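Dropping query.cif in here (mmCIF, C-alpha atoms and all ligand atoms):
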```cif
data_input
#
loop_
_atom_site.label_atom_id
_atom_site.label_comp_id
_atom_site.auth_asym_id
_atom_site.auth_seq_id
_atom_site.Cartn_x
_atom_site.Cartn_y
_atom_site.Cartn_z
CA MET F 27 87.43 117.91 76.27
CA LEU F 28 88.09 117.60 80.00
CA LEU F 29 90.95 119.76 81.18
CA PRO F 30 92.98 119.48 84.41
CA GLY F 31 90.71 120.23 87.35
CA ALA F 32 88.02 117.82 86.07
CA THR F 33 87.28 114.59 87.94
CA LEU F 34 88.08 111.19 86.46
CA GLY F 35 86.91 107.86 87.83
CA VAL F 36 88.32 104.37 87.60
CA LEU F 37 86.48 101.11 88.17
CA GLY F 38 88.92 98.84 89.99
CA GLY F 39 91.61 99.64 92.51
CA GLY F 40 94.49 97.32 91.60
CA GLN F 41 97.92 98.30 90.34
CA LEU F 42 96.61 99.44 86.96
CA GLY F 43 94.11 101.74 88.66
CA ARG F 44 96.89 102.98 90.93
CA MET F 45 99.18 103.92 88.04
CA PHE F 46 96.23 105.59 86.25
CA THR F 47 95.47 107.54 89.44
CA ILE F 48 99.07 108.69 89.83
CA ALA F 49 99.23 109.80 86.18
CA ALA F 50 95.89 111.63 86.40
CA ARG F 51 96.73 113.43 89.65
CA THR F 52 100.16 114.39 88.29
CA MET F 53 98.34 116.02 85.38
CA GLY F 54 96.03 117.94 87.73
CA TYR F 55 92.86 115.82 87.65
CA ARG F 56 90.87 114.70 90.66
CA VAL F 57 90.42 110.91 90.83
CA VAL F 58 87.66 108.73 92.29
CA VAL F 59 88.31 104.98 92.62
CA LEU F 60 85.61 102.33 93.08
CA ASP F 61 86.91 99.11 94.64
CA PRO F 62 85.55 96.90 97.42
CA ASP F 63 88.98 96.44 99.04
CA PHE F 64 89.65 98.90 101.84
CA THR F 65 93.42 98.63 101.25
CA SER F 66 93.33 98.74 97.44
CA PRO F 67 96.51 100.02 95.73
CA ALA F 68 94.60 102.70 93.79
CA GLY F 69 92.34 103.70 96.69
CA GLN F 70 95.46 104.76 98.64
CA MET F 71 96.31 107.27 95.90
CA ALA F 72 92.86 108.62 95.03
CA ASP F 73 91.11 111.83 96.08
CA GLU F 74 88.14 109.66 96.94
CA HIS F 75 87.91 105.89 97.40
CA LEU F 76 84.39 104.49 97.12
CA CYS F 77 84.88 101.29 99.05
CA ALA F 78 81.94 99.28 97.70
CA ASP F 79 80.96 96.40 95.50
CA TYR F 80 80.90 96.95 91.71
CA HIS F 81 77.12 96.39 91.78
CA ASP F 82 76.49 98.91 94.57
CA ARG F 83 73.95 101.39 93.13
CA ASN F 84 74.63 104.09 95.75
CA ALA F 85 78.36 104.02 95.05
CA LEU F 86 77.78 104.00 91.29
CA GLN F 87 75.32 106.89 91.65
CA ARG F 88 77.93 108.87 93.60
CA MET F 89 80.60 108.03 91.03
CA GLY F 90 78.33 109.10 88.16
CA GLU F 91 77.52 112.41 89.90
CA THR F 92 81.09 113.25 90.92
CA CYS F 93 83.01 112.17 87.84
CA ASP F 94 83.13 113.82 84.43
CA ALA F 95 84.43 110.60 82.87
CA VAL F 96 85.03 107.04 84.06
CA THR F 97 87.30 104.29 82.79
CA THR F 98 88.15 100.80 83.98
CA GLU F 99 91.26 98.90 84.93
CA TRP F 100 89.52 95.53 84.78
CA GLU F 101 87.60 94.02 81.85
CA ASN F 102 85.23 92.01 84.00
CA VAL F 103 83.35 94.86 85.67
CA PRO F 104 79.63 94.06 85.47
CA ALA F 105 78.10 95.29 82.20
CA GLU F 106 75.02 96.70 84.06
CA SER F 107 77.28 98.89 86.21
CA VAL F 108 79.05 100.27 83.14
CA GLU F 109 75.70 100.97 81.47
CA PHE F 110 74.35 102.62 84.64
CA LEU F 111 77.37 104.94 84.72
CA ALA F 112 77.19 105.64 80.99
CA GLN F 113 73.77 107.25 81.57
CA ARG F 114 75.37 109.70 84.01
CA CYS F 115 78.82 110.55 82.63
CA THR F 116 81.27 109.74 79.84
CA VAL F 117 82.46 106.11 80.01
CA ALA F 118 85.38 104.84 77.92
CA PRO F 119 85.98 102.22 76.70
CA SER F 120 82.31 101.58 75.93
CA ALA F 121 80.25 98.76 77.43
CA ALA F 122 80.15 97.22 73.92
CA ALA F 123 83.97 97.15 73.64
CA LEU F 124 84.27 95.69 77.15
CA GLY F 125 81.71 93.05 76.18
CA VAL F 126 83.89 91.92 73.26
CA ALA F 127 87.05 91.76 75.38
CA GLN F 128 85.26 89.79 78.13
CA ASP F 129 84.51 86.84 75.89
CA ARG F 130 87.13 84.83 73.99
CA LEU F 131 84.58 83.83 71.33
CA ALA F 132 83.51 87.43 70.71
CA GLU F 133 87.08 88.77 70.55
CA LYS F 134 88.31 86.06 68.18
CA THR F 135 85.23 86.46 65.96
CA LYS F 136 85.84 90.24 65.83
CA ALA F 137 89.54 89.71 65.13
CA HIS F 138 88.59 87.60 62.08
CA GLU F 139 86.12 90.26 60.99
CA PHE F 140 88.95 92.83 61.07
CA GLY F 141 91.24 90.62 58.99
CA CYS F 142 93.43 89.00 61.68
CA ASP F 143 94.34 85.31 61.79
CA THR F 144 93.72 83.36 65.01
CA ALA F 145 94.38 79.82 66.20
CA PRO F 146 91.69 77.45 64.87
CA PHE F 147 88.91 77.37 67.47
CA ALA F 148 85.56 75.74 68.18
CA ASN F 149 82.89 77.03 70.53
CA ILE F 150 81.66 74.84 73.40
CA GLU F 151 78.43 76.13 74.95
CA ASP F 152 77.85 72.91 76.88
CA ALA F 153 78.93 69.26 77.03
CA GLY F 154 76.79 68.51 73.94
CA ASP F 155 79.35 70.42 71.80
CA LEU F 156 82.46 68.47 72.87
CA VAL F 157 82.43 65.79 70.15
CA HIS F 158 81.88 68.31 67.39
CA ALA F 159 84.58 70.65 68.78
CA TRP F 160 87.08 67.80 68.93
CA SER F 161 86.31 66.83 65.34
CA VAL F 162 86.98 70.43 64.23
CA ILE F 163 90.34 70.79 66.01
CA ASP F 164 91.36 67.14 65.94
CA GLY F 165 94.80 67.39 67.56
CA PRO F 166 96.69 68.84 70.51
CA ALA F 167 94.54 71.64 71.85
CA LEU F 168 93.89 74.03 74.71
CA LEU F 169 90.50 74.17 76.37
CA LYS F 170 89.96 77.73 77.61
CA THR F 171 87.04 79.17 79.55
CA ARG F 172 85.38 81.84 77.44
CA ARG F 173 85.23 84.26 80.34
CA MET F 174 87.35 85.26 83.33
CA GLY F 175 90.55 83.49 82.24
CA TYR F 176 93.77 85.35 83.04
CA ASP F 177 97.45 84.62 83.67
CA GLY F 178 97.03 81.10 82.23
CA LYS F 179 94.15 80.30 84.61
CA GLY F 180 91.02 78.63 83.23
CA GLN F 181 92.81 76.62 80.58
CA ILE F 182 93.85 72.98 80.22
CA ARG F 183 95.88 71.24 77.52
CA VAL F 184 94.15 68.21 75.97
CA ASN F 185 95.32 65.52 73.54
CA SER F 186 92.20 63.38 73.07
CA LEU F 187 88.42 63.51 73.26
CA ASP F 188 88.55 61.69 76.62
CA GLU F 189 90.91 64.32 78.02
CA LEU F 190 88.65 67.04 76.64
CA VAL F 191 85.62 65.59 78.45
CA THR F 192 87.56 65.45 81.76
CA ALA F 193 88.98 68.96 81.27
CA HIS F 194 85.53 70.41 80.60
CA GLU F 195 84.32 68.87 83.86
CA GLN F 196 87.38 70.29 85.69
CA LEU F 197 86.49 73.75 84.39
CA GLY F 198 82.97 73.37 85.78
CA PHE F 199 81.13 72.76 82.47
CA VAL F 200 81.20 76.51 81.70
CA PRO F 201 81.19 77.79 78.08
CA CYS F 202 84.66 77.31 76.60
CA LEU F 203 86.70 77.55 73.42
CA LEU F 204 88.74 74.65 72.17
CA GLU F 205 91.82 76.08 70.50
CA GLY F 206 94.36 74.31 68.31
CA PHE F 207 97.78 74.21 70.01
CA LEU F 208 100.15 76.28 67.88
CA PRO F 209 103.95 76.01 67.53
CA LEU F 210 104.93 79.39 69.04
CA GLU F 211 108.21 81.04 68.14
CA ARG F 212 107.58 84.12 70.28
CA GLU F 213 104.84 86.07 72.02
CA ILE F 214 104.45 89.78 71.43
CA SER F 215 101.98 92.50 72.34
CA VAL F 216 100.96 95.94 71.15
CA VAL F 217 99.58 98.61 73.44
CA LEU F 218 97.92 101.61 71.82
CA ALA F 219 95.69 104.52 72.69
CA ARG F 220 92.79 105.84 70.62
CA ASN F 221 90.84 109.00 71.40
CA VAL F 222 87.33 110.05 70.57
CA ARG F 223 88.49 111.78 67.35
CA GLY F 224 89.88 108.45 66.12
CA GLU F 225 93.55 109.46 66.54
CA ILE F 226 95.74 106.48 67.39
CA ALA F 227 99.15 106.37 69.09
CA VAL F 228 100.82 102.96 69.00
CA PHE F 229 103.56 102.03 71.48
CA PRO F 230 106.54 99.95 70.33
CA VAL F 231 105.97 96.18 70.15
CA ALA F 232 106.92 94.25 73.30
CA GLU F 233 108.30 90.71 73.30
CA ASN F 234 106.90 88.79 76.25
CA GLN F 235 108.18 85.78 78.16
CA HIS F 236 105.94 84.01 80.68
CA ARG F 237 106.60 81.71 83.64
CA ASN F 238 103.82 79.53 85.03
CA GLY F 239 101.35 81.37 82.79
CA ILE F 240 102.25 84.81 84.26
CA LEU F 241 104.19 87.50 82.41
CA ASP F 242 107.81 87.39 83.56
CA ILE F 243 109.68 89.84 81.34
CA SER F 244 108.95 92.17 78.42
CA ILE F 245 111.75 93.03 76.02
CA VAL F 246 111.51 96.23 73.96
CA PRO F 247 112.12 96.63 71.09
CA ALA F 248 110.84 93.11 70.38
CA ARG F 249 113.39 90.98 68.55
CA VAL F 250 111.21 90.30 65.52
CA PRO F 251 111.58 91.10 61.82
CA GLU F 252 110.43 94.55 60.72
CA ALA F 253 107.52 93.02 58.75
CA ILE F 254 106.14 91.28 61.86
CA ASP F 255 106.57 94.44 63.92
CA ARG F 256 104.65 96.48 61.33
CA LYS F 257 101.92 93.88 60.92
CA ALA F 258 101.33 93.63 64.69
CA ARG F 259 100.90 97.41 64.96
CA GLU F 260 98.61 97.46 61.92
CA MET F 261 96.44 94.63 63.22
CA ALA F 262 96.09 96.23 66.67
CA SER F 263 95.16 99.56 65.06
CA ARG F 264 92.59 97.89 62.82
CA ILE F 265 90.97 96.24 65.86
CA ALA F 266 90.83 99.58 67.73
CA GLN F 267 89.31 101.29 64.71
CA GLY F 268 86.87 98.46 64.02
CA LEU F 269 85.58 98.59 67.59
CA ASP F 270 85.49 102.42 67.54
CA TYR F 271 87.53 102.01 70.68
CA VAL F 272 88.32 104.90 73.04
CA GLY F 273 91.03 104.35 75.65
CA VAL F 274 94.12 102.19 75.97
CA LEU F 275 93.95 98.78 74.29
CA ALA F 276 96.44 95.91 74.56
CA VAL F 277 96.54 93.17 71.93
CA GLU F 278 98.52 89.96 72.34
CA PHE F 279 99.83 88.06 69.33
CA PHE F 280 101.69 84.83 68.70
CA VAL F 281 104.53 84.69 66.18
CA LEU F 282 104.54 81.14 64.82
CA GLN F 283 107.54 79.07 63.80
CA ASP F 284 106.51 79.45 60.13
CA GLY F 285 106.65 83.26 60.49
CA ARG F 286 102.90 83.87 60.63
CA ILE F 287 101.44 86.21 63.20
CA VAL F 288 98.12 85.43 64.86
CA PHE F 289 95.84 87.32 67.27
CA ASN F 290 95.54 85.72 70.70
CA GLU F 291 93.57 88.08 72.93
CA MET F 292 93.01 91.68 73.90
CA ALA F 293 92.66 93.67 77.10
CA PRO F 294 90.56 96.85 77.15
CA ARG F 295 92.96 98.72 79.43
CA PRO F 296 96.66 99.34 80.06
CA HIS F 297 98.57 96.08 80.24
CA ASN F 298 101.38 94.52 82.22
CA SER F 299 103.39 94.26 79.00
CA GLY F 300 103.09 98.06 78.64
CA HIS F 301 104.69 98.88 82.00
CA TYR F 302 107.99 99.47 80.23
CA THR F 303 106.46 102.71 78.86
CA LEU F 304 106.57 104.21 82.37
CA ASP F 305 110.31 104.81 82.09
CA ALA F 306 111.19 104.23 78.44
CA CYS F 307 108.66 106.21 76.37
CA ALA F 308 108.01 109.90 75.89
CA THR F 309 104.45 109.31 77.18
CA ASP F 310 103.48 106.27 79.24
CA GLN F 311 100.40 104.08 78.87
CA PHE F 312 98.67 105.58 81.93
CA GLN F 313 99.18 109.19 80.80
CA GLN F 314 97.77 108.03 77.48
CA GLN F 315 94.75 106.51 79.28
CA VAL F 316 94.13 109.87 80.97
CA ARG F 317 94.48 111.74 77.66
CA ALA F 318 92.15 109.38 75.79
CA LEU F 319 89.53 109.47 78.56
CA ALA F 320 89.70 113.25 78.81
CA GLY F 321 89.38 113.65 75.02
CA LEU F 322 92.81 115.30 74.79
CA PRO F 323 95.30 114.96 71.95
CA LEU F 324 97.42 111.84 72.55
CA GLY F 325 101.04 112.02 73.73
CA ASP F 326 104.12 110.90 71.83
CA PRO F 327 104.53 107.10 72.27
CA ARG F 328 108.15 107.11 71.02
CA LEU F 329 110.67 104.77 72.67
CA LEU F 330 113.50 106.76 74.28
CA THR F 331 115.71 103.82 75.24
CA PRO F 332 115.83 100.02 74.99
CA VAL F 333 114.22 98.48 78.06
CA VAL F 334 113.43 95.17 79.73
CA MET F 335 110.59 95.02 82.29
CA VAL F 336 110.74 92.39 85.03
CA ASN F 337 107.64 91.47 87.06
CA LEU F 338 107.97 91.14 90.82
CA LEU F 339 105.67 88.44 92.19
CA GLY F 340 104.97 87.74 95.85
CA ASP F 341 107.41 84.81 95.67
CA VAL F 342 110.29 87.31 95.96
CA TRP F 343 108.94 88.40 99.36
CA MET F 344 109.23 84.85 100.74
CA HIS F 345 112.95 85.31 101.39
CA GLY F 346 112.91 89.07 102.06
CA PRO F 347 113.38 91.27 98.98
CA GLN F 348 116.93 92.55 98.54
CA TRP F 349 116.02 95.96 97.17
CA LEU F 350 119.58 97.23 97.10
CA GLU F 351 120.43 94.53 94.56
CA LEU F 352 118.14 96.43 92.21
CA LEU F 353 118.60 100.02 93.32
CA LYS F 354 122.39 99.95 93.19
CA HIS F 355 122.08 99.91 89.38
CA PRO F 356 121.52 103.40 87.93
CA GLY F 357 119.59 101.89 85.01
CA VAL F 358 116.96 100.19 87.19
CA GLN F 359 113.62 101.89 87.94
CA LEU F 360 111.55 100.22 90.67
CA HIS F 361 107.74 100.35 90.89
CA LEU F 362 105.93 98.81 93.88
CA TYR F 363 102.16 98.68 94.09
CA GLY F 364 101.56 99.14 97.83
CA LYS F 365 99.86 95.76 98.30
CA ALA F 366 99.48 94.83 101.95
CA GLU F 367 100.07 91.10 101.60
CA ALA F 368 102.58 89.24 99.43
CA ARG F 369 101.29 85.91 98.13
CA GLN F 370 102.87 83.45 95.72
CA GLY F 371 102.13 84.48 92.15
CA ARG F 372 100.63 87.85 93.21
CA LYS F 373 101.85 90.84 91.20
CA MET F 374 103.51 93.13 93.76
CA GLY F 375 105.53 95.39 91.50
CA HIS F 376 107.90 95.48 88.56
CA TYR F 377 111.14 97.12 87.55
CA ASN F 378 112.42 98.49 84.29
CA CYS F 379 116.02 97.99 83.17
CA LEU F 380 117.21 100.76 80.86
CA ALA F 381 120.39 100.42 78.79
CA PRO F 382 121.90 101.64 75.51
CA THR F 383 121.13 98.35 73.74
CA VAL F 384 118.41 95.74 74.18
CA GLU F 385 121.11 93.10 74.82
CA ASP F 386 122.52 95.20 77.71
CA ALA F 387 119.02 95.78 79.10
CA LEU F 388 118.36 92.03 79.00
CA ALA F 389 121.68 91.25 80.66
CA LEU F 390 120.88 93.73 83.45
CA ALA F 391 117.42 92.20 83.85
CA LEU F 392 118.78 88.66 84.10
CA THR F 393 121.57 89.57 86.55
CA THR F 394 119.27 91.51 88.85
CA ARG F 395 116.56 88.85 88.68
CA ALA F 396 119.05 86.24 89.85
CA ALA F 397 120.39 88.59 92.56
CA ILE F 398 116.94 88.97 94.15
CA GLY F 399 116.34 85.24 94.05
CA ILE F 400 114.05 84.79 91.02
CA GLN F 401 114.91 81.35 89.73
CA ASP F 402 114.56 80.06 86.17
P1 LIG F 501 96.04 83.13 77.12
O1 LIG F 501 95.31 83.11 78.42
O2 LIG F 501 95.16 82.90 75.94
O3 LIG F 501 96.88 84.37 76.95
O4 LIG F 501 97.10 81.92 77.16
C1 LIG F 501 98.13 81.87 78.13
C2 LIG F 501 99.40 81.34 77.49
O5 LIG F 501 99.19 80.01 76.97
C3 LIG F 501 99.89 82.15 76.30
O6 LIG F 501 100.66 83.24 76.73
C4 LIG F 501 100.67 81.11 75.52
O7 LIG F 501 101.96 80.94 76.07
C5 LIG F 501 99.90 79.82 75.75
N1 LIG F 501 98.91 79.61 74.67
C6 LIG F 501 97.66 80.12 74.64
N2 LIG F 501 97.00 79.73 73.53
C7 LIG F 501 97.83 78.94 72.85
C8 LIG F 501 97.73 78.20 71.62
N3 LIG F 501 96.59 78.22 70.89
N4 LIG F 501 98.80 77.48 71.22
C9 LIG F 501 99.94 77.45 71.96
N5 LIG F 501 100.10 78.11 73.13
C10 LIG F 501 99.07 78.84 73.57
#
```
Take the structure in this file and express it as structure tokens.
Ligand code: AMP
Amino acid sequence: MLLPGATLGVLGGGQLGRMFTIAARTMGYRVVVLDPDFTSPAGQMADEHLCADYHDRNALQRMGETCDAVTTEWENVPAESVEFLAQRCTVAPSAAALGVAQDRLAEKTKAHEFGCDTAPFANIEDAGDLVHAWSVIDGPALLKTRRMGYDGKGQIRVNSLDELVTAHEQLGFVPCLLEGFLPLEREISVVLARNVRGEIAVFPVAENQHRNGILDISIVPARVPEAIDRKAREMASRIAQGLDYVGVLAVEFFVLQDGRIVFNEMAPRPHNSGHYTLDACATDQFQQQVRALAGLPLGDPRLLTPVVMVNLLGDVWMHGPQWLELLKHPGVQLHLYGKAEARQGRKMGHYNCLAPTVEDALALALTTRAAIGIQD
């Protein structure tokens, strides 16, 4: 067990690393961040910022010597770097768990193994697999790159074999999954923490709405039947247990129009759809990440108030953000990530709307969104 005063490391210096760093330092830990960007959001907050590439052996050596335990804020850190560190200090989640979450085929195969439904899918290693994959799915489908896809990037909708062939070329002939296109009723996610003793703390289910493939708002509690809510938490817990996972894990599900719930994907780290926990839960997802990494007992994940989280993308900066339109509301909590440059679609911050009912929280979210110029 690592107590306050120990040194924790995080691979990746984006907003997730920043919020981990803030939580860890608040709890009395020292924090080392590895990120190649000199201005990284987490580097600004850390005791030490190793400004180097994720493959840099000197930086990794230093990280391994200085840190008692290291985690990640990004699933695509090179496996060799994680293994190199694991020989020098505690690393959680493990390289094996990261490996599963990096690959859509591996994560869907594991999800099946742990008893979760998924969309029908067919693997495409290379162009030779296209005809067979189309014959398996045989209908409207999504072609998704197996690796490195995020925020709706690396995926193309296809309606015929011809379109599939063109889409595969557009994606650069990389290994892909062809997934049956499902009739979605809603999208939900579960964030949980699991520690080395196998204790699990599950946060309330979030209902997520996306725009242009990027998370727009999360509504909590999710407006789903109790049975769906319970099943989502159970499925996420089963996955964490099955992977012997240590850390914070986010699992995204689809609720279908016929009431079924299917696994979509997982992220081996805190998640954008868990940012509501920062202001609305007894313990937030970053404190939980610190506790899990340090081998501590987990905190109470209980929801203290209904909440709606709104993402702030760089688009809002294009006409000068009207912060007072948010801050004049006592129920709004603003979080900005300290990014130097605002670009369209770039996640710059978020805010949480707290209210006595989920309907009131949603109304506050929609009014304030409109007031700062986010258009539907
Ligand atoms: P993903 O990168 O897998 O999270 O997909 C991005 C978004 O595409 C999801 O949030 C869904 O809105 C949509 N989507 C992904 N897979 C499917 C599917 N099999 N059927 C219908 N919609 C999907």
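Nearest to Val333 of chain F of all the residues F:His301, F:Lys373, F:Arg317, F:His236 is F:His301, based on all atoms listed in the file.
Contact shell of His361 of chain F at 12 Å (all atoms listed in the file; same-chain neighbours under 6 positions omitted): Gln41, Leu42, Arg44, Met45, His301, Tyr302, Leu304, Asp305, Met335, Val336, Asn337, Leu338, Trp349, Leu352, Leu353, Lys373, Met374, Gly375, His376, Tyr377, Asn378 and Cys379 of chain F.
Going from atom CA of Gly357 of chain F to atom CA of Gly300 of chain F covers 18.1 Å.
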Protein and nucleic residues near ligand LIG 501 (chain F), 10 Å, all atoms listed in the file, as a PyMOL selection string: chain F and resi 130+144-147+166-172+174-183+204-214+234-241+278-280+282+288-292
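The two atoms in question, atom CA of Val200 of chain F and atom CA of Glu151 of chain F, are spaced 7.3 Å apart.
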Residues within 9 Å of Ala118 of chain F, please, as a VMD selection string. Count all atoms listed in the file; anything in the same chain fewer than 2 positions from it doesn't count. chain F and resid 95 to 98 112 116 120 to 121 123 271 to 273 318 to 319
So that I can see what lies close to Gln401 of chain F, please list as a ChimeraX atom specification the residues with an atom at most 12 Å from it, counting all atoms listed in the file and leaving out residues fewer than 5 positions away in the same chain. /F:237,242,339,341-342,392-396
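Nearest residue to Ala262 of chain F, choosing from F:Pro201, F:Pro323, F:Gly154, F:Gly141 and counting all atoms listed in the file: F:Gly141.
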From the options F:Tyr55, F:Tyr80, F:Tyr363, F:Phe64, which residue's atoms come nearest to Gly38 of chain F, counting all atoms listed in the file? F:Tyr80
Closest of F:Ala49, F:Gly69, F:Gln113, F:Leu187 to Asp310 of chain F - atom-to-atom distances counting all atoms listed in the file: F:Ala49
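These residues, each with an atom at most 7 Å from (88.0, 115.0, 87.1) using only C-alpha atoms, are F:Gly31, F:Ala32, F:Thr33, F:Leu34, F:Tyr55, F:Arg56, F:Val57, F:Cys93, F:Asp94.
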Atomic distance atom CA of Ala248 of chain F - atom CA of Gly340 of chain F, expressed in Å with one decimal: 26.7 Å
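Nearest-residue note for Leu329 of chain F: choosing from F:Phe199, F:Trp343, F:Phe229, F:Phe110, the minimum distance belongs to F:Phe229, counting only C-alpha atoms.
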Any chance you could work out the axis-aligned box around segment 335-346 of chain F, listed atoms only, 5 Å on each side, giving centre and edge lengths in Å to one decimal, as JSON?
```
{"center_x": 109.0, "center_y": 89.9, "center_z": 92.2, "size_x": 18.0, "size_y": 20.2, "size_z": 29.8}
```
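When all atoms listed in the file are used to compute distances to Ala381 of chain F, the closest of the residues F:Ala306, F:Val231, F:Val108, F:Val191 turns out to be F:Ala306.
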